[in-house]
Structures are given as structure tokens and as C-alpha cells.
>>> print(open('run-v5.cif').read())   # mmCIF, N, CA and C atoms
data_coords
#
loop_
_atom_site.label_atom_id
_atom_site.label_comp_id
_atom_site.auth_asym_id
_atom_site.auth_seq_id
_atom_site.Cartn_x
_atom_site.Cartn_y
_atom_site.Cartn_z
N MET I 1008 -79.60 1.72 -31.01
CA MET I 1008 -80.79 1.05 -31.48
C MET I 1008 -81.87 1.13 -30.40
N ARG I 1009 -83.08 1.10 -30.84
CA ARG I 1009 -84.20 1.07 -29.90
C ARG I 1009 -84.40 -0.38 -29.49
N LEU I 1010 -84.18 -0.66 -28.23
CA LEU I 1010 -84.29 -2.03 -27.74
C LEU I 1010 -85.43 -2.16 -26.73
N TRP I 1011 -86.11 -3.28 -26.78
CA TRP I 1011 -87.13 -3.61 -25.81
C TRP I 1011 -86.84 -4.99 -25.25
N ASN I 1012 -87.01 -5.14 -23.94
CA ASN I 1012 -86.92 -6.45 -23.31
C ASN I 1012 -88.28 -7.12 -23.54
N LEU I 1013 -88.28 -8.19 -24.35
CA LEU I 1013 -89.52 -8.85 -24.73
C LEU I 1013 -89.71 -10.20 -24.04
N THR I 1014 -89.00 -10.41 -22.94
CA THR I 1014 -89.08 -11.68 -22.24
C THR I 1014 -90.49 -11.95 -21.72
N TYR I 1015 -91.13 -10.95 -21.20
CA TYR I 1015 -92.44 -11.12 -20.60
C TYR I 1015 -93.51 -10.58 -21.54
N ASN I 1016 -94.67 -11.19 -21.54
CA ASN I 1016 -95.74 -10.81 -22.43
C ASN I 1016 -96.46 -9.57 -21.89
N ASP I 1017 -95.94 -8.41 -22.23
CA ASP I 1017 -96.52 -7.14 -21.81
C ASP I 1017 -97.17 -6.50 -23.04
N PRO I 1018 -98.50 -6.43 -23.09
CA PRO I 1018 -99.18 -5.90 -24.27
C PRO I 1018 -98.77 -4.47 -24.63
N ARG I 1019 -98.48 -3.63 -23.62
CA ARG I 1019 -98.07 -2.25 -23.91
C ARG I 1019 -96.72 -2.22 -24.63
N ARG I 1020 -95.80 -3.06 -24.20
CA ARG I 1020 -94.48 -3.12 -24.82
C ARG I 1020 -94.59 -3.61 -26.26
N TRP I 1021 -95.38 -4.67 -26.48
CA TRP I 1021 -95.57 -5.19 -27.83
C TRP I 1021 -96.26 -4.15 -28.71
N ALA I 1022 -97.17 -3.36 -28.15
CA ALA I 1022 -97.84 -2.31 -28.92
C ALA I 1022 -96.82 -1.27 -29.40
N GLU I 1023 -95.85 -0.92 -28.55
CA GLU I 1023 -94.80 0.02 -28.95
C GLU I 1023 -93.93 -0.56 -30.06
N VAL I 1024 -93.56 -1.83 -29.93
CA VAL I 1024 -92.74 -2.49 -30.95
C VAL I 1024 -93.50 -2.55 -32.27
N HIS I 1025 -94.77 -2.95 -32.22
CA HIS I 1025 -95.57 -3.07 -33.44
C HIS I 1025 -95.89 -1.71 -34.05
N ALA I 1026 -95.90 -0.64 -33.24
CA ALA I 1026 -96.12 0.70 -33.78
C ALA I 1026 -94.96 1.10 -34.69
N ILE I 1027 -93.77 0.60 -34.42
CA ILE I 1027 -92.60 0.95 -35.23
C ILE I 1027 -92.51 0.06 -36.47
N SER I 1028 -92.57 -1.24 -36.27
CA SER I 1028 -92.29 -2.16 -37.38
C SER I 1028 -93.53 -2.80 -37.99
N GLY I 1029 -94.68 -2.63 -37.40
CA GLY I 1029 -95.88 -3.29 -37.90
C GLY I 1029 -96.07 -4.63 -37.22
N LYS I 1030 -97.24 -5.20 -37.39
CA LYS I 1030 -97.54 -6.50 -36.78
C LYS I 1030 -96.90 -7.61 -37.60
N PRO I 1031 -96.66 -8.78 -36.98
CA PRO I 1031 -96.13 -9.92 -37.73
C PRO I 1031 -97.09 -10.32 -38.84
N LEU I 1032 -96.53 -10.88 -39.89
CA LEU I 1032 -97.36 -11.32 -41.01
C LEU I 1032 -98.21 -12.51 -40.60
N GLY I 1033 -99.41 -12.59 -41.14
CA GLY I 1033 -100.28 -13.72 -40.88
C GLY I 1033 -99.78 -14.97 -41.60
N PHE I 1034 -100.45 -16.08 -41.38
CA PHE I 1034 -100.02 -17.36 -41.93
C PHE I 1034 -99.94 -17.33 -43.46
N TRP I 1035 -101.02 -16.91 -44.12
CA TRP I 1035 -101.03 -16.95 -45.58
C TRP I 1035 -100.08 -15.93 -46.18
N ALA I 1036 -99.96 -14.78 -45.58
CA ALA I 1036 -98.98 -13.78 -46.07
C ALA I 1036 -97.57 -14.32 -45.92
N SER I 1037 -97.32 -15.05 -44.84
CA SER I 1037 -96.01 -15.65 -44.62
C SER I 1037 -95.71 -16.71 -45.67
N VAL I 1038 -96.70 -17.53 -45.98
CA VAL I 1038 -96.52 -18.57 -47.00
C VAL I 1038 -96.25 -17.94 -48.36
N LYS I 1039 -97.02 -16.91 -48.72
CA LYS I 1039 -96.82 -16.23 -50.00
C LYS I 1039 -95.46 -15.57 -50.09
N ALA I 1040 -94.95 -15.06 -48.97
CA ALA I 1040 -93.65 -14.37 -48.96
C ALA I 1040 -92.48 -15.34 -48.89
N GLY I 1041 -92.76 -16.64 -48.72
CA GLY I 1041 -91.68 -17.61 -48.60
C GLY I 1041 -91.09 -17.68 -47.21
N GLY I 1042 -91.86 -17.30 -46.21
CA GLY I 1042 -91.39 -17.30 -44.82
C GLY I 1042 -91.10 -15.90 -44.34
N THR I 1043 -91.02 -15.75 -43.03
CA THR I 1043 -90.79 -14.43 -42.47
C THR I 1043 -89.46 -14.30 -41.75
N GLY I 1044 -88.80 -15.41 -41.48
CA GLY I 1044 -87.56 -15.37 -40.71
C GLY I 1044 -86.33 -15.28 -41.58
N SER I 1045 -85.29 -14.70 -41.01
CA SER I 1045 -84.00 -14.60 -41.69
C SER I 1045 -83.12 -15.77 -41.24
N PRO I 1046 -82.00 -15.96 -41.91
CA PRO I 1046 -81.04 -16.95 -41.40
C PRO I 1046 -80.52 -16.50 -40.03
N ARG I 1047 -79.99 -17.45 -39.27
CA ARG I 1047 -79.43 -17.13 -37.96
C ARG I 1047 -78.00 -16.66 -38.10
N ALA I 1048 -77.63 -15.73 -37.26
CA ALA I 1048 -76.26 -15.21 -37.24
C ALA I 1048 -75.82 -15.07 -35.78
N GLU I 1049 -74.54 -14.86 -35.60
CA GLU I 1049 -74.00 -14.63 -34.26
C GLU I 1049 -73.84 -13.12 -34.08
N LEU I 1050 -74.50 -12.56 -33.10
CA LEU I 1050 -74.40 -11.13 -32.80
C LEU I 1050 -73.08 -10.89 -32.08
N VAL I 1051 -72.21 -10.07 -32.66
CA VAL I 1051 -70.89 -9.85 -32.07
C VAL I 1051 -70.68 -8.43 -31.56
N GLY I 1052 -71.57 -7.53 -31.87
CA GLY I 1052 -71.39 -6.17 -31.38
C GLY I 1052 -72.43 -5.23 -31.94
N GLY I 1053 -72.28 -3.99 -31.60
CA GLY I 1053 -73.21 -2.97 -32.07
C GLY I 1053 -73.00 -1.70 -31.29
N SER I 1054 -73.89 -0.77 -31.49
CA SER I 1054 -73.77 0.51 -30.80
C SER I 1054 -74.74 0.57 -29.64
N GLY I 1055 -74.43 1.42 -28.70
CA GLY I 1055 -75.32 1.65 -27.56
C GLY I 1055 -75.50 0.44 -26.67
N GLU I 1056 -76.75 0.19 -26.34
CA GLU I 1056 -77.09 -0.91 -25.43
C GLU I 1056 -76.72 -2.27 -25.98
N VAL I 1057 -76.70 -2.41 -27.30
CA VAL I 1057 -76.41 -3.71 -27.90
C VAL I 1057 -75.03 -4.19 -27.49
N SER I 1058 -74.03 -3.32 -27.57
CA SER I 1058 -72.67 -3.73 -27.21
C SER I 1058 -72.58 -4.10 -25.73
N ALA I 1059 -73.31 -3.40 -24.88
CA ALA I 1059 -73.30 -3.74 -23.45
C ALA I 1059 -73.94 -5.10 -23.20
N LEU I 1060 -75.01 -5.41 -23.93
CA LEU I 1060 -75.69 -6.69 -23.74
C LEU I 1060 -74.92 -7.85 -24.34
N VAL I 1061 -74.22 -7.61 -25.43
CA VAL I 1061 -73.44 -8.67 -26.07
C VAL I 1061 -72.15 -8.91 -25.30
N GLY I 1062 -71.64 -7.91 -24.63
CA GLY I 1062 -70.38 -8.02 -23.92
C GLY I 1062 -70.43 -8.81 -22.63
N VAL I 1063 -71.59 -9.34 -22.26
CA VAL I 1063 -71.68 -10.12 -21.03
C VAL I 1063 -71.01 -11.48 -21.23
N GLU I 1064 -70.98 -12.28 -20.21
CA GLU I 1064 -70.22 -13.51 -20.21
C GLU I 1064 -70.75 -14.61 -21.12
N SER I 1065 -71.90 -14.44 -21.71
CA SER I 1065 -72.44 -15.50 -22.54
C SER I 1065 -71.51 -15.78 -23.72
N ALA I 1066 -71.31 -17.03 -24.04
CA ALA I 1066 -70.34 -17.43 -25.06
C ALA I 1066 -70.77 -16.99 -26.45
N ARG I 1067 -72.02 -17.21 -26.81
CA ARG I 1067 -72.51 -16.86 -28.14
C ARG I 1067 -73.89 -16.24 -28.00
N THR I 1068 -74.14 -15.28 -28.83
CA THR I 1068 -75.44 -14.63 -28.84
C THR I 1068 -76.00 -14.74 -30.26
N ALA I 1069 -76.94 -15.65 -30.45
CA ALA I 1069 -77.55 -15.82 -31.77
C ALA I 1069 -78.60 -14.74 -31.98
N CYS I 1070 -78.78 -14.34 -33.24
CA CYS I 1070 -79.79 -13.34 -33.56
C CYS I 1070 -80.43 -13.70 -34.90
N ASN I 1071 -81.62 -13.18 -35.12
CA ASN I 1071 -82.27 -13.30 -36.42
C ASN I 1071 -83.36 -12.25 -36.53
N PHE I 1072 -83.82 -12.03 -37.76
CA PHE I 1072 -84.87 -11.06 -38.03
C PHE I 1072 -86.18 -11.79 -38.28
N GLU I 1073 -87.29 -11.17 -37.85
CA GLU I 1073 -88.63 -11.64 -38.21
C GLU I 1073 -89.29 -10.52 -39.00
N ARG I 1074 -89.72 -10.82 -40.20
CA ARG I 1074 -90.35 -9.82 -41.05
C ARG I 1074 -91.74 -9.48 -40.52
N THR I 1075 -92.09 -8.21 -40.59
CA THR I 1075 -93.40 -7.73 -40.15
C THR I 1075 -94.04 -6.97 -41.31
N GLU I 1076 -95.21 -6.38 -41.06
CA GLU I 1076 -95.94 -5.66 -42.12
C GLU I 1076 -95.15 -4.50 -42.70
N ARG I 1077 -94.42 -3.75 -41.86
CA ARG I 1077 -93.72 -2.55 -42.32
C ARG I 1077 -92.22 -2.58 -42.04
N GLY I 1078 -91.65 -3.74 -41.82
CA GLY I 1078 -90.22 -3.82 -41.53
C GLY I 1078 -89.85 -5.18 -40.99
N ALA I 1079 -89.09 -5.17 -39.89
CA ALA I 1079 -88.66 -6.43 -39.27
C ALA I 1079 -88.27 -6.14 -37.82
N ILE I 1080 -88.16 -7.21 -37.05
CA ILE I 1080 -87.72 -7.12 -35.66
C ILE I 1080 -86.49 -8.00 -35.52
N LEU I 1081 -85.41 -7.44 -34.99
CA LEU I 1081 -84.20 -8.20 -34.71
C LEU I 1081 -84.34 -8.77 -33.30
N TYR I 1082 -84.27 -10.09 -33.18
CA TYR I 1082 -84.37 -10.76 -31.88
C TYR I 1082 -83.01 -11.32 -31.49
N PHE I 1083 -82.67 -11.20 -30.20
CA PHE I 1083 -81.48 -11.87 -29.66
C PHE I 1083 -81.67 -12.06 -28.17
N ARG I 1084 -80.86 -12.95 -27.61
CA ARG I 1084 -80.91 -13.24 -26.17
C ARG I 1084 -79.63 -12.76 -25.53
N SER I 1085 -79.76 -12.28 -24.31
CA SER I 1085 -78.62 -11.94 -23.49
C SER I 1085 -78.97 -12.37 -22.07
N ARG I 1086 -78.09 -13.17 -21.51
CA ARG I 1086 -78.37 -13.83 -20.24
C ARG I 1086 -79.62 -14.67 -20.43
N LEU I 1087 -80.66 -14.43 -19.66
CA LEU I 1087 -81.91 -15.19 -19.83
C LEU I 1087 -83.02 -14.32 -20.40
N GLU I 1088 -82.69 -13.17 -20.91
CA GLU I 1088 -83.67 -12.23 -21.42
C GLU I 1088 -83.69 -12.25 -22.95
N VAL I 1089 -84.87 -11.99 -23.53
CA VAL I 1089 -85.03 -11.87 -24.98
C VAL I 1089 -85.22 -10.40 -25.30
N TYR I 1090 -84.42 -9.88 -26.23
CA TYR I 1090 -84.51 -8.49 -26.62
C TYR I 1090 -84.95 -8.38 -28.07
N GLY I 1091 -85.65 -7.31 -28.38
CA GLY I 1091 -86.09 -7.06 -29.74
C GLY I 1091 -85.78 -5.63 -30.12
N ALA I 1092 -85.33 -5.46 -31.36
CA ALA I 1092 -85.06 -4.14 -31.91
C ALA I 1092 -85.92 -3.98 -33.16
N PRO I 1093 -87.05 -3.28 -33.07
CA PRO I 1093 -87.91 -3.12 -34.25
C PRO I 1093 -87.29 -2.14 -35.24
N LEU I 1094 -87.38 -2.49 -36.51
CA LEU I 1094 -86.87 -1.64 -37.59
C LEU I 1094 -87.96 -1.46 -38.62
N ALA I 1095 -88.27 -0.23 -38.95
CA ALA I 1095 -89.23 0.04 -40.02
C ALA I 1095 -88.49 0.01 -41.35
N ARG I 1096 -89.23 -0.28 -42.40
CA ARG I 1096 -88.62 -0.27 -43.73
C ARG I 1096 -88.08 1.15 -43.97
N GLY I 1097 -86.84 1.27 -44.31
CA GLY I 1097 -86.21 2.56 -44.50
C GLY I 1097 -85.32 2.98 -43.34
N ASP I 1098 -85.44 2.33 -42.17
CA ASP I 1098 -84.55 2.63 -41.04
C ASP I 1098 -83.12 2.18 -41.33
N VAL I 1099 -82.97 1.10 -42.09
CA VAL I 1099 -81.64 0.59 -42.42
C VAL I 1099 -81.09 1.43 -43.56
N SER I 1100 -79.95 2.07 -43.30
CA SER I 1100 -79.35 2.93 -44.32
C SER I 1100 -78.29 2.23 -45.14
N GLY I 1101 -77.78 1.11 -44.67
CA GLY I 1101 -76.78 0.38 -45.44
C GLY I 1101 -76.36 -0.89 -44.74
N ILE I 1102 -75.64 -1.71 -45.50
CA ILE I 1102 -75.11 -2.96 -44.97
C ILE I 1102 -73.75 -3.19 -45.59
N THR I 1103 -72.79 -3.58 -44.76
CA THR I 1103 -71.45 -3.91 -45.27
C THR I 1103 -71.13 -5.34 -44.89
N ARG I 1104 -70.39 -6.01 -45.78
CA ARG I 1104 -69.99 -7.40 -45.54
C ARG I 1104 -68.49 -7.52 -45.73
N VAL I 1105 -67.80 -8.02 -44.70
CA VAL I 1105 -66.34 -8.15 -44.73
C VAL I 1105 -65.99 -9.62 -44.53
N PRO I 1106 -65.25 -10.22 -45.48
CA PRO I 1106 -64.84 -11.62 -45.30
C PRO I 1106 -63.84 -11.76 -44.16
N GLU I 1107 -64.03 -12.81 -43.36
CA GLU I 1107 -63.11 -13.13 -42.26
C GLU I 1107 -62.84 -14.63 -42.29
N GLY I 1108 -62.05 -15.08 -43.23
CA GLY I 1108 -61.77 -16.51 -43.37
C GLY I 1108 -62.99 -17.23 -43.90
N ALA I 1109 -63.45 -18.25 -43.18
CA ALA I 1109 -64.61 -19.03 -43.62
C ALA I 1109 -65.92 -18.32 -43.28
N GLN I 1110 -65.85 -17.25 -42.50
CA GLN I 1110 -67.04 -16.52 -42.12
C GLN I 1110 -66.99 -15.10 -42.67
N ASP I 1111 -68.14 -14.45 -42.65
CA ASP I 1111 -68.24 -13.04 -43.04
C ASP I 1111 -68.80 -12.26 -41.85
N CYS I 1112 -68.40 -11.01 -41.75
CA CYS I 1112 -68.93 -10.11 -40.73
C CYS I 1112 -69.85 -9.11 -41.44
N LEU I 1113 -71.09 -9.06 -41.01
CA LEU I 1113 -72.07 -8.13 -41.57
C LEU I 1113 -72.31 -7.01 -40.58
N THR I 1114 -72.32 -5.79 -41.06
CA THR I 1114 -72.67 -4.64 -40.23
C THR I 1114 -73.89 -3.97 -40.85
N VAL I 1115 -74.95 -3.84 -40.07
CA VAL I 1115 -76.18 -3.21 -40.52
C VAL I 1115 -76.22 -1.82 -39.90
N TRP I 1116 -76.31 -0.79 -40.74
CA TRP I 1116 -76.32 0.61 -40.30
C TRP I 1116 -77.75 1.11 -40.28
N CYS I 1117 -78.17 1.73 -39.18
CA CYS I 1117 -79.55 2.17 -39.00
C CYS I 1117 -79.60 3.65 -38.63
N GLY I 1118 -80.68 4.28 -39.01
CA GLY I 1118 -80.94 5.66 -38.62
C GLY I 1118 -82.44 5.84 -38.46
N TRP I 1119 -82.89 6.56 -37.43
CA TRP I 1119 -84.31 6.73 -37.18
C TRP I 1119 -84.53 8.00 -36.39
N ALA I 1120 -85.76 8.49 -36.41
CA ALA I 1120 -86.15 9.66 -35.62
C ALA I 1120 -86.71 9.18 -34.29
N ASP I 1121 -86.22 9.73 -33.20
CA ASP I 1121 -86.74 9.33 -31.88
C ASP I 1121 -88.08 10.01 -31.62
N SER I 1122 -88.62 9.81 -30.42
CA SER I 1122 -89.94 10.34 -30.08
C SER I 1122 -90.00 11.86 -30.12
N GLU I 1123 -88.86 12.53 -29.98
CA GLU I 1123 -88.82 13.99 -30.02
C GLU I 1123 -88.49 14.52 -31.40
N GLY I 1124 -88.30 13.62 -32.37
CA GLY I 1124 -88.00 14.04 -33.74
C GLY I 1124 -86.53 14.18 -34.06
N ALA I 1125 -85.65 13.97 -33.08
CA ALA I 1125 -84.21 14.06 -33.31
C ALA I 1125 -83.72 12.79 -33.99
N MET I 1126 -82.79 12.94 -34.92
CA MET I 1126 -82.26 11.77 -35.64
C MET I 1126 -81.25 11.04 -34.77
N GLN I 1127 -81.37 9.72 -34.75
CA GLN I 1127 -80.47 8.83 -34.02
C GLN I 1127 -79.87 7.85 -35.02
N SER I 1128 -78.73 7.28 -34.68
CA SER I 1128 -78.14 6.27 -35.55
C SER I 1128 -77.50 5.18 -34.70
N GLY I 1129 -77.28 4.03 -35.34
CA GLY I 1129 -76.68 2.91 -34.64
C GLY I 1129 -76.31 1.82 -35.63
N SER I 1130 -75.70 0.79 -35.11
CA SER I 1130 -75.30 -0.33 -35.96
C SER I 1130 -75.37 -1.63 -35.18
N VAL I 1131 -75.42 -2.72 -35.94
CA VAL I 1131 -75.41 -4.07 -35.38
C VAL I 1131 -74.41 -4.87 -36.19
N GLU I 1132 -73.52 -5.59 -35.49
CA GLU I 1132 -72.52 -6.42 -36.17
C GLU I 1132 -72.84 -7.89 -35.93
N MET I 1133 -72.85 -8.66 -37.04
CA MET I 1133 -73.17 -10.08 -36.98
C MET I 1133 -72.07 -10.85 -37.70
N ARG I 1134 -71.90 -12.10 -37.30
CA ARG I 1134 -70.93 -12.98 -37.96
C ARG I 1134 -71.64 -14.28 -38.31
N CYS I 1135 -71.41 -14.77 -39.53
CA CYS I 1135 -72.01 -16.04 -39.95
C CYS I 1135 -71.21 -16.62 -41.12
N ALA I 1136 -71.50 -17.86 -41.46
CA ALA I 1136 -70.83 -18.52 -42.56
C ALA I 1136 -71.09 -17.75 -43.86
N ARG I 1137 -70.20 -17.88 -44.82
CA ARG I 1137 -70.28 -17.09 -46.05
C ARG I 1137 -71.62 -17.30 -46.77
N ALA I 1138 -72.08 -18.53 -46.93
CA ALA I 1138 -73.36 -18.78 -47.62
C ALA I 1138 -74.52 -18.17 -46.85
N THR I 1139 -74.48 -18.27 -45.53
CA THR I 1139 -75.51 -17.67 -44.71
C THR I 1139 -75.46 -16.15 -44.80
N ALA I 1140 -74.25 -15.58 -44.87
CA ALA I 1140 -74.09 -14.13 -44.99
C ALA I 1140 -74.71 -13.62 -46.28
N GLU I 1141 -74.56 -14.37 -47.36
CA GLU I 1141 -75.17 -13.96 -48.63
C GLU I 1141 -76.69 -13.94 -48.52
N ARG I 1142 -77.26 -14.96 -47.88
CA ARG I 1142 -78.71 -15.01 -47.70
C ARG I 1142 -79.19 -13.90 -46.76
N MET I 1143 -78.44 -13.65 -45.68
CA MET I 1143 -78.80 -12.60 -44.73
C MET I 1143 -78.76 -11.23 -45.40
N GLU I 1144 -77.71 -10.99 -46.18
CA GLU I 1144 -77.60 -9.70 -46.89
C GLU I 1144 -78.76 -9.52 -47.86
N ALA I 1145 -79.11 -10.56 -48.60
CA ALA I 1145 -80.24 -10.49 -49.53
C ALA I 1145 -81.54 -10.23 -48.78
N TYR I 1146 -81.73 -10.87 -47.62
CA TYR I 1146 -82.92 -10.68 -46.80
C TYR I 1146 -83.03 -9.21 -46.38
N ILE I 1147 -81.93 -8.66 -45.87
CA ILE I 1147 -81.95 -7.27 -45.39
C ILE I 1147 -82.18 -6.31 -46.54
N ARG I 1148 -81.49 -6.51 -47.65
CA ARG I 1148 -81.68 -5.62 -48.81
C ARG I 1148 -83.12 -5.67 -49.34
N ARG I 1149 -83.72 -6.85 -49.32
CA ARG I 1149 -85.07 -7.00 -49.87
C ARG I 1149 -86.13 -6.40 -48.97
N TRP I 1150 -86.03 -6.59 -47.66
CA TRP I 1150 -87.12 -6.22 -46.77
C TRP I 1150 -86.89 -4.96 -45.97
N LEU I 1151 -85.63 -4.52 -45.79
CA LEU I 1151 -85.41 -3.39 -44.88
C LEU I 1151 -84.84 -2.14 -45.54
N LEU I 1152 -84.07 -2.28 -46.59
CA LEU I 1152 -83.53 -1.09 -47.24
C LEU I 1152 -84.61 -0.38 -48.03
N ALA I 1153 -84.60 0.94 -47.99
CA ALA I 1153 -85.63 1.71 -48.70
C ALA I 1153 -85.38 1.72 -50.19
#
>>> encode(input="run-v5.cif", output="C-alpha cells")
Amino acid sequence: MRLWNLTYNDPRRWAEVHAISGKPLGFWASVKAGGTGSPRAELVGGSGEVSALVGVESARTACNFERTERGAILYFRSRLEVYGAPLARGDVSGITRVPEGAQDCLTVWCGWADSEGAMQSGSVEMRCARATAERMEAYIRRWLLA
């Protein structure tokens, strides 16, 4: 996944993130859409840098999506840093949900072209309560799947 450290307010970094996913929705667009945030989930793994950041000593890593003009941004914390993974509409190629007792495990599959035009792929694994998983899956299908 394409990850950016968003802890510090760096306009150049935010410009790169917004170039991929679009700018956040304004107040009235957010109200009309019924909000821009997804339910919260626990980030349990993923590919590339995500697994390295989740594998640190922190007990739980919460994550959620913020809807933007052309996609969404996945936010999560690792140590004391805030990371963002911008996703354009169509970058998400699929989502799988596996029941694990009272919770469900969601895996979001992504594919995108890097700056050189080569195709890249990755995934993010989240765990949340069954009712929350249904809402999260509906959110992803509605706003991120092509």
C-alpha cells in the first residue's frame, strides 16, 4: 500500500495524498452523504509496510476510512505516528469477510499503478464486531469498489 506519515502538517505530503484520493468532502457534501467516516476497526495486518507497522509492540491499532472526493483515506496509528493510505475509487479490487466467533475479519484487496506505471497490489486486514463488519463492508463496497 502507498503509505504516508501524516503526523506533521506538511502541505507537500497532503498534496500528494489528495492527488490520489481527492480532497476531503466539505461540510454540506458530508451532511448530504450521511457523513464521511467509516466505522472503526482493529488493524491486524496487511502487506508491505502495513504489516511492519502493525507488528510493533502496540497492543491495538485502530483504523478507519475518511471519504474524499474521489475515494477514501485509511488512517491508523503506530507508535505515536499517524499514517494514511489514500485509495482512489477503483483501487479496491475486492473485500472478503471471514467470521471469527463474535468478530469478523475483513480483508481489503487493492491494486494501483505506481508513479512509473507498473501495477502494484496489497491488502489490509481488519477485525471488528459482526455488526460493525457489515457496516464497514457496505461502506467499502459503496465508496471504494469500482
>>> resolve_selection(input="run-v5.cif", expression="the PyMOL selection byres ((chain I and resi 1131) around 7)", output="number ranges by chain")
I: 1051-1054, 1113-1117, 1129-1130, 1132-1133
>>> resolve_selection(input="run-v5.cif", expression="the PyMOL selection byres ((chain I and resi 1073) around 6.5)", output="list in words")
Thr1043, Gly1044, Ser1045, Asn1071, Phe1072, Arg1074, Thr1075, Gly1078, Ala1079, Ile1080, Leu1081 and Tyr1082 of chain I
>>> closest_residue(input="run-v5.cif", among="I:Arg1020, I:Arg1137, I:Arg1096, I:Lys1039", to="I:Glu1076", atoms="all atoms listed in the file")
I:Arg1096
>>> residues_around(input="run-v5.cif", residues="stretch 1139-1151 of chain I", least_positions_apart="4", cutoff="8 Å", atoms="only N, CA and C atoms", output="PyMOL selection string")
chain I and resi 1044-1048+1074+1077-1079+1094-1102+1104+1110-1113+1134-1135
>>> write_last_selection(input="run-v5.cif", atoms="N, CA and C atoms", output="short mmCIF file (atom, residue, chain, number, x, y, z; two decimals), in the frame of the given file")
data_model
loop_
_atom_site.label_atom_id
_atom_site.label_comp_id
_atom_site.auth_asym_id
_atom_site.auth_seq_id
_atom_site.Cartn_x
_atom_site.Cartn_y
_atom_site.Cartn_z
N GLY I 1044 -88.80 -15.41 -41.48
CA GLY I 1044 -87.56 -15.37 -40.71
C GLY I 1044 -86.33 -15.28 -41.58
N SER I 1045 -85.29 -14.70 -41.01
CA SER I 1045 -84.00 -14.60 -41.69
C SER I 1045 -83.12 -15.77 -41.24
N PRO I 1046 -82.00 -15.96 -41.91
CA PRO I 1046 -81.04 -16.95 -41.40
C PRO I 1046 -80.52 -16.50 -40.03
N ARG I 1047 -79.99 -17.45 -39.27
CA ARG I 1047 -79.43 -17.13 -37.96
C ARG I 1047 -78.00 -16.66 -38.10
N ALA I 1048 -77.63 -15.73 -37.26
CA ALA I 1048 -76.26 -15.21 -37.24
C ALA I 1048 -75.82 -15.07 -35.78
N ARG I 1074 -89.72 -10.82 -40.20
CA ARG I 1074 -90.35 -9.82 -41.05
C ARG I 1074 -91.74 -9.48 -40.52
N ARG I 1077 -94.42 -3.75 -41.86
CA ARG I 1077 -93.72 -2.55 -42.32
C ARG I 1077 -92.22 -2.58 -42.04
N GLY I 1078 -91.65 -3.74 -41.82
CA GLY I 1078 -90.22 -3.82 -41.53
C GLY I 1078 -89.85 -5.18 -40.99
N ALA I 1079 -89.09 -5.17 -39.89
CA ALA I 1079 -88.66 -6.43 -39.27
C ALA I 1079 -88.27 -6.14 -37.82
N LEU I 1094 -87.38 -2.49 -36.51
CA LEU I 1094 -86.87 -1.64 -37.59
C LEU I 1094 -87.96 -1.46 -38.62
N ALA I 1095 -88.27 -0.23 -38.95
CA ALA I 1095 -89.23 0.04 -40.02
C ALA I 1095 -88.49 0.01 -41.35
N ARG I 1096 -89.23 -0.28 -42.40
CA ARG I 1096 -88.62 -0.27 -43.73
C ARG I 1096 -88.08 1.15 -43.97
N GLY I 1097 -86.84 1.27 -44.31
CA GLY I 1097 -86.21 2.56 -44.50
C GLY I 1097 -85.32 2.98 -43.34
N ASP I 1098 -85.44 2.33 -42.17
CA ASP I 1098 -84.55 2.63 -41.04
C ASP I 1098 -83.12 2.18 -41.33
N VAL I 1099 -82.97 1.10 -42.09
CA VAL I 1099 -81.64 0.59 -42.42
C VAL I 1099 -81.09 1.43 -43.56
N SER I 1100 -79.95 2.07 -43.30
CA SER I 1100 -79.35 2.93 -44.32
C SER I 1100 -78.29 2.23 -45.14
N GLY I 1101 -77.78 1.11 -44.67
CA GLY I 1101 -76.78 0.38 -45.44
C GLY I 1101 -76.36 -0.89 -44.74
N ILE I 1102 -75.64 -1.71 -45.50
CA ILE I 1102 -75.11 -2.96 -44.97
C ILE I 1102 -73.75 -3.19 -45.59
N ARG I 1104 -70.39 -6.01 -45.78
CA ARG I 1104 -69.99 -7.40 -45.54
C ARG I 1104 -68.49 -7.52 -45.73
N GLN I 1110 -65.85 -17.25 -42.50
CA GLN I 1110 -67.04 -16.52 -42.12
C GLN I 1110 -66.99 -15.10 -42.67
N ASP I 1111 -68.14 -14.45 -42.65
CA ASP I 1111 -68.24 -13.04 -43.04
C ASP I 1111 -68.80 -12.26 -41.85
N CYS I 1112 -68.40 -11.01 -41.75
CA CYS I 1112 -68.93 -10.11 -40.73
C CYS I 1112 -69.85 -9.11 -41.44
N LEU I 1113 -71.09 -9.06 -41.01
CA LEU I 1113 -72.07 -8.13 -41.57
C LEU I 1113 -72.31 -7.01 -40.58
N ARG I 1134 -71.90 -12.10 -37.30
CA ARG I 1134 -70.93 -12.98 -37.96
C ARG I 1134 -71.64 -14.28 -38.31
N CYS I 1135 -71.41 -14.77 -39.53
CA CYS I 1135 -72.01 -16.04 -39.95
C CYS I 1135 -71.21 -16.62 -41.12
#
>>> closest_residue(input="run-v5.cif", among="I:Leu1050, I:Ala1138, I:Leu1087, I:Val1057", to="I:Cys1070", atoms="all atoms listed in the file")
I:Leu1050
>>> select_by_dssp(input="run-v5.cif", residues="stretch 1026-1073 of chain I", states="helix (DSSP H, G or I)", output="list in words")
Ala1026, Ile1027, Ser1028, Phe1034, Trp1035, Ala1036, Ser1037, Val1038, Lys1039, Ala1040, Glu1056, Val1057, Ser1058, Ala1059, Leu1060 and Val1061 of chain I
>>> closest_residue(input="run-v5.cif", among="I:Ala1022, I:Met1126, I:Leu1152, I:Ala1092", to="I:Leu1010", atoms="all atoms listed in the file")
I:Ala1092
>>> select_by_dssp(input="run-v5.cif", residues="stretch 1029-1149 of chain I", states="strand (DSSP E)", output="NGL selection string")
:I and (1048-1053 or 1069-1075 or 1078-1085 or 1088-1095 or 1099-1107 or 1110-1120 or 1126-1136)
>>> atom_distance(input="run-v5.cif", atom1="atom N of I:Phe1083", atom2="atom C of I:Ala1069")
5.7 Å
>>> atom_distance(input="run-v5.cif", atom1="atom CA of I:Val1061", atom2="atom CA of I:Asn1012")
13.9 Å
>>> atom_distance(input="run-v5.cif", atom1="atom CA of I:Arg1009", atom2="atom CA of I:Thr1103")
20.6 Å
>>> closest_residue(input="run-v5.cif", among="I:Ala1109, I:Trp1021, I:Tyr1015, I:Ser1037", to="I:Glu1088", atoms="only C-alpha atoms")
I:Tyr1015
>>> axis_aligned_box(input="run-v5.cif", around="stretch 1082-1096 of chain I", padding_each_side="8 Å", output="JSON")
{"center_x": -83.7, "center_y": -7.0, "center_z": -31.8, "size_x": 27.1, "size_y": 32.3, "size_z": 40.3}
>>> closest_residue(input="run-v5.cif", among="I:Met1008, I:Leu1013, I:Val1038, I:Ala1026", to="I:Glu1056", atoms="all atoms listed in the file")
I:Met1008
